[in-house]
Amino acid sequence: MFKTLLSFRPRMRSEWLSILTAVYLLFFMNGTFWDKSSVFLKGDALALLALGIGLLAGFIALIVTFSAKYVIKPVLIVIVLAAVSGAWFMDRFGVIIDGEMIRNAMETNQAEAGHLITPAFILHMLLFGALPALFIAVVDIVHRPILKKVAVNLMIILPCLVVFGLAGLSNSGTFIFNIRQHRDWFRTLNPVFPMASAAGFLIGESKEQNIVVQSLGTDAKVADDLTFGQRKPRVTIVVVGETARAQNFQLGGYARETNPELSKRDIVYFDNTSSCGTATAVSVPCMFSVYSRKDYSHAKGLATEDLMDVLTHAGIKTEWWDNNTGDKHVADRIKKTEFFKSNDPRFCDGGECLDQILVDGLDAWLEKVDGDAVLVLHQLGNHGPAYYLRYPQDFAKFTPDCRSVDFDTCTPETITNAYDNALLYTDHILAEVIDTLGAHGDRLDTAMIYMSDHGESLGENGLYLHGAPYMFAPTEQTHVPFVLWVSPGLRQSSGIDTSCLAANAEAAHSHDNLFHSVLGLMQVDTQVRDPALDIFAACRTGASS
């Protein structure tokens with residue numbers, strides 16, 4: 001019976017299967033690319049036609065390269081499935097799948113990934129991925145002898161490359177101008193750019209396996225001469241926000257009350273702050289790195305000790321509490337607790353926890369502090385697309401709020417409502433951190449620094465979520481909130497003038513400031529601290545302007 005069924009399989013030459021696949025990929029899996037092309041080349045039908053002909057020739061040449069026995073089927077199936085998956089995320093969220101996006105995806109956890117693997121995504125993969133892949137798997141491919149196969153393939157590939165080149169030259173001025181003006185254009189060409197990015201990522205990962213971490217700031221020491229018998233221990237809590245964009249912060253002028261509690265606290269808000277990256281896997285290690293954004297790379301970050309190590313060299317207790325997807329190697333050499341793995345029924349469900357879990361044990365932790373300390377709280381914050389899961393129902397102030405991970409079922413207004421509710425909850429968490437620190441003012445000199453790792457797109461220009469390549473990322477993904485609270489005791493003992501800080505709050509700041517400012521706040525003296533990037537350096541009593 002099986003042989004009978006096989007006899008009904010369609011028969012096709014390998015080169016024709018390659019051409020059919022190329023047509024399918026270029027014209028059915030490139031919605032975003034063709035949408036952009038029709039806009040950028042509007043009014044120039046000949047350039048658009050040349051683009052289509054040239055790219056089809058290029059796709060055919062590329063796919064026919066794999067037209068060989070034992071190779072063609074597995075390669076085509078992988079390419080098709082990768083293209084169908086990429087098309088979903090590019091067409092639905094407007095993302096660009098580059099190396100950093102792939103890194104971010106590789107470092108996510110099961111719960112976070114589950115919010116993206118929706119029933120609609122599965123149906124999309126079945127209809128547009130599994131069925132074509134099944135066709136490729138069952139088709140009876142007619143192969144020629146090896147030498148004739150090479151000859152026929154070359155007879156297809158070489159003319160296609162000529163057509164590809166001529167099509168490009170025919171409208172080279174138009175194409176070059178638009179590529180320069182719209183640098184993201186060809187990054188949406190699917191699956192060429194995503195698969196090239198994946199290859200580059202894997203090559204980079206293999207090179208990073210043998211990296212040896214180099215020491216940093218081993219000369220670090222607390223600069224003042226006072227002992228703990230003469231001063232209170234200094235404690236700074238650094239809250240690493242997640243996906244909070246400055247445009248929706250009330251403190252920065254947003255019309256909605258997304259920061260009602262922080263607005264009542266004696267804080268300084270730095271309104272003009274930019275992130276180091278547009279995804280957690282880049283921004284978090286970068287903001288704790290000694291390198292500036294322009295000098296930072298993932299390999300450099302892995303090869304160099306970070307802020308937490310320098311603080312440790314100075315004899316300061318350091319600890320990392322995580323409620324996100326991990327510390328991204330920042331806390332490899334210090335004590336860390338991953339609360340998202342706790343499954344505490346009071347706060348957690350489905351592998352994710354409300355950020356209240358970070359505050360729950362804070363008072364008890366502070367009670368045990370007997371020396372200078374820095375604690376990092378890594379929030380789940382506003383991580384999308386499941387914004388509605390980031391806050392308890394009590395914080396659903398802006399309604400109706402989108403209660404789905406499939407944005408197609410929600411209006412832009414309900415998506416923004418859910419996002420703002422999550423910010424409202426972060427506002428509450430930060431106010432709790434401040435109040436808890438303040439309650440220990442009789443024994444400790446305390447401070448809180450809050451910085452989000454990156455921002456978020458909420459539909460502007462057709463973009464959602466985050467992770468756009470930094471060179472053309474929208475400000476919604478790079479403009480982040482930065483909040484500072486310093487206790488009265490620490491202001492007095494360290495000579496910190498918060499009115500001076502507030503006067504400079506509108507100046508440009510970035511993640512580059514965090515490393516040096518935390519060292520300055522903790523009064524750590526080391527050659528690796530740059531006073532020009534320490535926001536406290538010019539705002540201490542007696543500091544020169």
# chains A, B, ... in the order shown; residues from 1 in each chain; ligands from 1

call {"tool": "select_by_dssp", "arguments": {"residues": "region 255-485 of chain A", "states": "strand (DSSP E)", "output": "ChimeraX atom specification"}}
result
/A:268-269,273-274,317-322,335-338,348-349,352-353,373-378,445-452,457-458,464-465,482-485

call {"tool": "closest_atom_pairs", "arguments": {"of": "region 273-379 of chain A", "to": "region 110-126 of chain A", "cutoff": "9 Å", "atoms": "only C-alpha atoms", "output": "CSV"}}
result
residue,atom,partner,partner_atom,distance
A:Thr325,CA,A:Glu112,CA,8.3
A:Gly350,CA,A:Ala111,CA,6.6
A:Gly351,CA,A:Ala111,CA,5.5
A:Glu352,CA,A:Ala111,CA,6.5

call {"tool": "write_last_selection", "arguments": {"atoms": "N, CA, C and O atoms", "output": "PDB file, in the first residue's frame"}}
result
ATOM      1  N   THR A 325      15.104  37.216  32.807  1.00  0.00           N
ATOM      2  CA  THR A 325      15.606  36.007  32.142  1.00  0.00           C
ATOM      3  C   THR A 325      17.070  35.741  32.466  1.00  0.00           C
ATOM      4  O   THR A 325      17.753  35.045  31.725  1.00  0.00           O
ATOM      5  N   GLY A 350       2.924  30.259  35.871  1.00  0.00           N
ATOM      6  CA  GLY A 350       3.390  29.935  34.532  1.00  0.00           C
ATOM      7  C   GLY A 350       4.843  30.243  34.275  1.00  0.00           C
ATOM      8  O   GLY A 350       5.229  30.541  33.136  1.00  0.00           O
ATOM      9  N   GLY A 351       5.676  30.203  35.318  1.00  0.00           N
ATOM     10  CA  GLY A 351       7.103  30.445  35.131  1.00  0.00           C
ATOM     11  C   GLY A 351       7.507  31.899  35.165  1.00  0.00           C
ATOM     12  O   GLY A 351       8.672  32.220  34.923  1.00  0.00           O
ATOM     13  N   GLU A 352       6.567  32.808  35.463  1.00  0.00           N
ATOM     14  CA  GLU A 352       6.865  34.226  35.580  1.00  0.00           C
ATOM     15  C   GLU A 352       6.294  34.761  36.886  1.00  0.00           C
ATOM     16  O   GLU A 352       5.284  34.244  37.389  1.00  0.00           O
TER      17      GLU A 352
END

call {"tool": "select_by_dssp", "arguments": {"residues": "region 42-266 of chain A", "states": "helix (DSSP H, G or I)", "output": "PyMOL selection string"}}
result
chain A and resi 45-64+72-93+99-106+110-114+119-138+146-170+172-181+186-188+192-208+246-248+250-252+262-264

call {"tool": "closest_residue", "arguments": {"among": "A:Leu389, A:Val95, A:Ile102, A:Ala220", "to": "Asp349 (chain A)", "atoms": "only C-alpha atoms"}}
result
A:Leu389

call {"tool": "closest_atom_pairs", "arguments": {"of": "region 297-400 of chain A", "to": "region 511-531 of chain A", "cutoff": "8 Å", "atoms": "only C-alpha atoms", "output": "tab-separated table"}}
result
residue	atom	partner	partner_atom	distance
A:Leu307	CA	A:Phe515	CA	5.8
A:Leu311	CA	A:Leu519	CA	7.3
A:Ala314	CA	A:Val524	CA	6.9
A:Asp372	CA	A:Met522	CA	7.9

call {"tool": "residues_around", "arguments": {"residues": "Thr258 (chain A)", "least_positions_apart": "2", "cutoff": "6 Å", "atoms": "only C-alpha atoms", "output": "compact mmCIF listing (two decimals) with C-alpha atoms, in the first residue's frame"}}
result
# COMPACT_ATOMS: atom_id res chain seq x y z
CA GLN A 250 4.54 60.92 33.78
CA ARG A 256 -1.31 60.12 32.02
CA LEU A 424 1.97 52.13 36.95

call {"tool": "residues_around", "arguments": {"residues": "Ile357 (chain A)", "least_positions_apart": "5", "cutoff": "10 Å", "atoms": "only C-alpha atoms", "output": "list in words"}}
result
Trp321, Asp322, Asn323, Phe339, Phe340, Ser342, Asp344, Arg346, Phe347, Cys348, Leu362, Gln379 and Ile429 of chain A

call {"tool": "write_last_selection", "arguments": {"atoms": "all heavy atoms", "output": "compact mmCIF listing (two decimals), in the first residue's frame"}}
result
# COMPACT_ATOMS: atom_id res chain seq x y z
N TRP A 321 19.52 40.17 42.40
CA TRP A 321 18.23 39.49 42.48
C TRP A 321 17.55 39.61 41.12
O TRP A 321 17.36 40.72 40.61
CB TRP A 321 17.33 40.10 43.55
CG TRP A 321 17.80 39.87 44.96
CD1 TRP A 321 18.93 39.22 45.37
CD2 TRP A 321 17.14 40.29 46.16
NE1 TRP A 321 19.02 39.19 46.73
CE2 TRP A 321 17.93 39.85 47.26
CE3 TRP A 321 15.96 40.99 46.42
CZ2 TRP A 321 17.57 40.09 48.58
CZ3 TRP A 321 15.59 41.23 47.74
CH2 TRP A 321 16.39 40.78 48.81
N ASP A 322 17.19 38.49 40.52
CA ASP A 322 16.68 38.51 39.15
C ASP A 322 15.25 38.01 39.06
O ASP A 322 14.91 36.95 39.58
CB ASP A 322 17.57 37.63 38.25
CG ASP A 322 17.53 38.09 36.81
OD1 ASP A 322 16.49 37.94 36.16
OD2 ASP A 322 18.55 38.64 36.34
N ASN A 323 14.40 38.80 38.39
CA ASN A 323 13.04 38.37 38.09
C ASN A 323 12.78 38.45 36.60
O ASN A 323 11.64 38.58 36.16
CB ASN A 323 12.02 39.25 38.85
CG ASN A 323 10.62 38.67 38.77
OD1 ASN A 323 10.44 37.46 38.83
ND2 ASN A 323 9.62 39.53 38.60
N PHE A 339 14.68 34.72 41.16
CA PHE A 339 13.34 34.61 41.72
C PHE A 339 12.35 34.04 40.73
O PHE A 339 11.35 33.44 41.13
CB PHE A 339 12.87 35.98 42.22
CG PHE A 339 13.50 36.41 43.50
CD1 PHE A 339 14.63 37.22 43.49
CD2 PHE A 339 12.99 36.01 44.72
CE1 PHE A 339 15.23 37.62 44.68
CE2 PHE A 339 13.59 36.40 45.91
CZ PHE A 339 14.71 37.20 45.89
N PHE A 340 12.60 34.23 39.43
CA PHE A 340 11.65 33.73 38.43
C PHE A 340 11.59 32.20 38.41
O PHE A 340 10.69 31.62 37.80
CB PHE A 340 11.98 34.28 37.04
CG PHE A 340 13.35 33.91 36.53
CD1 PHE A 340 13.54 32.76 35.79
CD2 PHE A 340 14.45 34.74 36.79
CE1 PHE A 340 14.80 32.44 35.32
CE2 PHE A 340 15.70 34.42 36.31
CZ PHE A 340 15.89 33.27 35.58
N SER A 342 11.42 30.51 41.31
CA SER A 342 10.95 30.11 42.64
C SER A 342 9.57 29.49 42.64
O SER A 342 9.24 28.71 43.53
CB SER A 342 10.93 31.34 43.55
OG SER A 342 9.91 32.24 43.16
N ASP A 344 6.90 30.79 43.55
CA ASP A 344 6.19 31.23 44.75
C ASP A 344 4.74 31.52 44.37
O ASP A 344 4.47 32.44 43.58
CB ASP A 344 6.86 32.49 45.31
CG ASP A 344 6.31 32.91 46.66
OD1 ASP A 344 5.11 32.70 46.90
OD2 ASP A 344 7.07 33.47 47.47
N ARG A 346 2.42 33.06 45.71
CA ARG A 346 1.92 34.41 46.01
C ARG A 346 2.15 35.37 44.85
O ARG A 346 1.39 36.33 44.67
CB ARG A 346 2.62 34.95 47.27
CG ARG A 346 2.33 34.19 48.55
CD ARG A 346 3.19 34.76 49.66
NE ARG A 346 4.62 34.64 49.37
CZ ARG A 346 5.56 35.35 49.99
NH1 ARG A 346 5.24 36.25 50.91
NH2 ARG A 346 6.84 35.17 49.67
N PHE A 347 3.21 35.13 44.08
CA PHE A 347 3.59 36.08 43.04
C PHE A 347 3.73 35.47 41.66
O PHE A 347 3.74 36.20 40.66
CB PHE A 347 4.93 36.75 43.41
CG PHE A 347 4.99 37.29 44.80
CD1 PHE A 347 5.81 36.69 45.76
CD2 PHE A 347 4.23 38.38 45.18
CE1 PHE A 347 5.88 37.19 47.05
CE2 PHE A 347 4.29 38.88 46.47
CZ PHE A 347 5.12 38.29 47.41
N CYS A 348 3.88 34.14 41.59
CA CYS A 348 4.29 33.51 40.34
C CYS A 348 3.20 32.64 39.72
O CYS A 348 2.39 32.03 40.43
CB CYS A 348 5.53 32.64 40.57
SG CYS A 348 6.91 33.51 41.36
N LEU A 362 13.07 42.38 50.88
CA LEU A 362 14.04 43.47 50.93
C LEU A 362 14.27 43.98 52.36
O LEU A 362 15.42 44.23 52.76
CB LEU A 362 13.58 44.62 50.03
CG LEU A 362 14.54 45.80 49.88
CD1 LEU A 362 15.90 45.34 49.37
CD2 LEU A 362 13.94 46.84 48.92
N GLN A 379 14.14 43.68 37.09
CA GLN A 379 12.70 43.54 36.95
C GLN A 379 12.26 42.73 35.73
O GLN A 379 12.98 42.64 34.74
CB GLN A 379 12.07 44.92 36.79
CG GLN A 379 11.90 45.78 38.00
CD GLN A 379 11.08 47.00 37.63
OE1 GLN A 379 11.57 47.89 36.92
NE2 GLN A 379 9.85 47.05 38.10
N ILE A 429 6.32 49.67 42.63
CA ILE A 429 7.47 48.88 43.11
C ILE A 429 8.62 49.80 43.50
O ILE A 429 9.25 49.63 44.56
CB ILE A 429 7.92 47.88 42.02
CG1 ILE A 429 6.83 46.83 41.75
CG2 ILE A 429 9.22 47.20 42.41
CD1 ILE A 429 6.49 45.95 42.93

call {"tool": "closest_residue", "arguments": {"among": "A:Phe93, A:Trp485, A:Tyr254, A:Tyr388", "to": "Ile267 (chain A)", "atoms": "only C-alpha atoms"}}
result
A:Trp485

call {"tool": "closest_residue", "arguments": {"among": "A:Val268, A:Ser283, A:Thr243, A:Thr416", "to": "Arg403 (chain A)", "atoms": "only C-alpha atoms"}}
result
A:Thr416

call {"tool": "closest_residue", "arguments": {"among": "A:Asn421, A:Trp320, A:Leu444, A:Cys402", "to": "Lys368 (chain A)", "atoms": "only C-alpha atoms"}}
result
A:Leu444

call {"tool": "residues_around", "arguments": {"residues": "region 188-201 of chain A", "least_positions_apart": "5", "cutoff": "8 Å", "atoms": "only C-alpha atoms", "output": "ChimeraX atom specification"}}
result
/A:25-26,29-30,32-33,79,82-83,86-87,90,96-99,102-103

call {"tool": "write_last_selection", "arguments": {"atoms": "N, CA, C and O atoms", "output": "compact mmCIF listing (two decimals), in the first residue's frame"}}
result
# COMPACT_ATOMS: atom_id res chain seq x y z
N LEU A 25 9.42 31.94 -1.68
CA LEU A 25 10.11 32.71 -0.65
C LEU A 25 10.07 34.21 -0.94
O LEU A 25 9.75 35.02 -0.07
N LEU A 26 10.39 34.59 -2.18
CA LEU A 26 10.51 36.01 -2.51
C LEU A 26 9.16 36.72 -2.49
O LEU A 26 9.06 37.84 -1.96
N MET A 29 6.83 35.32 1.25
CA MET A 29 7.41 35.44 2.59
C MET A 29 8.15 36.76 2.79
O MET A 29 9.00 36.86 3.67
N ASN A 30 7.83 37.75 2.00
CA ASN A 30 8.52 39.03 2.09
C ASN A 30 7.55 40.21 2.09
O ASN A 30 7.78 41.23 1.43
N THR A 32 6.87 42.41 4.40
CA THR A 32 7.46 43.65 4.93
C THR A 32 8.40 44.28 3.91
O THR A 32 8.37 45.49 3.68
N PHE A 33 9.22 43.46 3.27
CA PHE A 33 10.17 43.98 2.29
C PHE A 33 9.44 44.64 1.13
O PHE A 33 9.80 45.75 0.69
N ILE A 79 15.25 26.19 5.00
CA ILE A 79 15.11 27.56 4.51
C ILE A 79 13.66 28.01 4.55
O ILE A 79 13.34 29.12 4.98
N ALA A 82 12.52 28.51 8.20
CA ALA A 82 13.12 29.73 8.75
C ALA A 82 12.47 30.96 8.17
O ALA A 82 12.20 31.94 8.89
N ALA A 83 12.18 30.96 6.88
CA ALA A 83 11.55 32.10 6.23
C ALA A 83 10.14 32.33 6.74
O ALA A 83 9.73 33.47 6.98
N GLY A 86 10.41 33.76 10.25
CA GLY A 86 10.87 35.14 10.18
C GLY A 86 9.80 36.07 9.66
O GLY A 86 9.64 37.20 10.15
N ALA A 87 9.05 35.63 8.66
CA ALA A 87 7.99 36.46 8.09
C ALA A 87 6.94 36.80 9.13
O ALA A 87 6.41 37.92 9.16
N MET A 90 8.49 39.55 11.45
CA MET A 90 8.74 40.80 10.73
C MET A 90 7.45 41.47 10.29
O MET A 90 7.28 42.68 10.42
N ILE A 96 13.39 43.44 13.01
CA ILE A 96 14.45 43.03 12.09
C ILE A 96 15.28 41.96 12.78
O ILE A 96 15.75 42.15 13.90
N ILE A 97 15.44 40.85 12.11
CA ILE A 97 16.11 39.70 12.74
C ILE A 97 17.60 39.76 12.43
O ILE A 97 18.09 39.24 11.42
N ASP A 98 18.33 40.44 13.32
CA ASP A 98 19.79 40.52 13.19
C ASP A 98 20.44 39.67 14.27
O ASP A 98 19.77 38.94 15.01
N GLY A 99 21.75 39.76 14.38
CA GLY A 99 22.48 38.93 15.34
C GLY A 99 22.06 39.17 16.77
O GLY A 99 21.94 38.23 17.56
N ILE A 102 18.73 37.61 17.49
CA ILE A 102 18.90 36.16 17.65
C ILE A 102 19.49 35.85 19.02
O ILE A 102 19.06 34.91 19.70
N ARG A 103 20.46 36.65 19.48
CA ARG A 103 21.03 36.44 20.81
C ARG A 103 19.96 36.60 21.88
O ARG A 103 19.88 35.80 22.81

call {"tool": "atom_distance", "arguments": {"atom1": "CA of Trp16 (chain A)", "atom2": "CA of Val64 (chain A)"}}
result
8.8 Å

call {"tool": "residues_around", "arguments": {"residues": "Ile237 (chain A)", "least_positions_apart": "6", "cutoff": "8 Å", "atoms": "only C-alpha atoms", "output": "ChimeraX atom specification"}}
result
/A:374-377,446-449

call {"tool": "atom_distance", "arguments": {"atom1": "CA of Asp44 (chain A)", "atom2": "CA of Glu460 (chain A)"}}
result
26.5 Å

call {"tool": "atom_distance", "arguments": {"atom1": "CA of Thr280 (chain A)", "atom2": "CA of Met471 (chain A)"}}
result
16.6 Å

call {"tool": "closest_residue", "arguments": {"among": "A:Leu46, A:Leu55, A:Ala303, A:Ala473", "to": "Trp34 (chain A)", "atoms": "only C-alpha atoms"}}
result
A:Leu55

call {"tool": "residues_around", "arguments": {"residues": "Val369 (chain A)", "least_positions_apart": "6", "cutoff": "10 Å", "atoms": "only C-alpha atoms", "output": "list of chain:residue names"}}
result
A:Pro233, A:Arg234, A:Val235, A:Lys317, A:Arg443, A:Leu444

call {"tool": "write_last_selection", "arguments": {"atoms": "all heavy atoms", "output": "short mmCIF file (atom, residue, chain, number, x, y, z; two decimals), in the first residue's frame"}}
result
data_model
loop_
_atom_site.label_atom_id
_atom_site.label_comp_id
_atom_site.auth_asym_id
_atom_site.auth_seq_id
_atom_site.Cartn_x
_atom_site.Cartn_y
_atom_site.Cartn_z
N PRO A 233 26.83 52.48 57.25
CA PRO A 233 27.10 51.79 55.99
C PRO A 233 26.28 52.41 54.86
O PRO A 233 25.14 52.82 55.05
CB PRO A 233 26.64 50.35 56.27
CG PRO A 233 26.69 50.21 57.76
CD PRO A 233 26.35 51.55 58.31
N ARG A 234 26.87 52.46 53.67
CA ARG A 234 26.17 52.96 52.50
C ARG A 234 25.56 51.77 51.73
O ARG A 234 26.25 50.77 51.49
CB ARG A 234 27.11 53.72 51.56
CG ARG A 234 27.79 54.92 52.20
CD ARG A 234 28.59 55.70 51.15
NE ARG A 234 29.42 56.71 51.80
CZ ARG A 234 30.69 56.56 52.10
NH1 ARG A 234 31.30 55.42 51.79
NH2 ARG A 234 31.36 57.52 52.71
N VAL A 235 24.31 51.93 51.36
CA VAL A 235 23.62 50.87 50.62
C VAL A 235 22.94 51.49 49.40
O VAL A 235 22.14 52.43 49.54
CB VAL A 235 22.57 50.14 51.48
CG1 VAL A 235 21.83 49.09 50.64
CG2 VAL A 235 23.22 49.49 52.69
N LYS A 317 29.85 44.65 49.62
CA LYS A 317 29.01 43.48 49.41
C LYS A 317 28.15 43.70 48.17
O LYS A 317 27.48 44.73 48.04
CB LYS A 317 28.12 43.24 50.62
CG LYS A 317 27.12 42.10 50.45
CD LYS A 317 26.21 41.96 51.66
CE LYS A 317 25.19 40.85 51.47
NZ LYS A 317 24.28 40.72 52.64
N ARG A 443 19.98 53.58 60.55
CA ARG A 443 21.16 52.71 60.61
C ARG A 443 21.98 52.71 59.33
O ARG A 443 23.17 52.39 59.35
CB ARG A 443 20.70 51.28 60.92
CG ARG A 443 21.78 50.35 61.44
CD ARG A 443 21.20 49.02 61.84
NE ARG A 443 20.55 48.34 60.74
CZ ARG A 443 21.18 47.58 59.84
NH1 ARG A 443 22.49 47.42 59.93
NH2 ARG A 443 20.52 46.99 58.87
N LEU A 444 21.33 53.06 58.20
CA LEU A 444 21.99 52.98 56.90
C LEU A 444 21.83 54.28 56.13
O LEU A 444 20.81 54.97 56.24
CB LEU A 444 21.38 51.84 56.07
CG LEU A 444 21.37 50.42 56.66
CD1 LEU A 444 20.57 49.49 55.76
CD2 LEU A 444 22.78 49.90 56.85
#
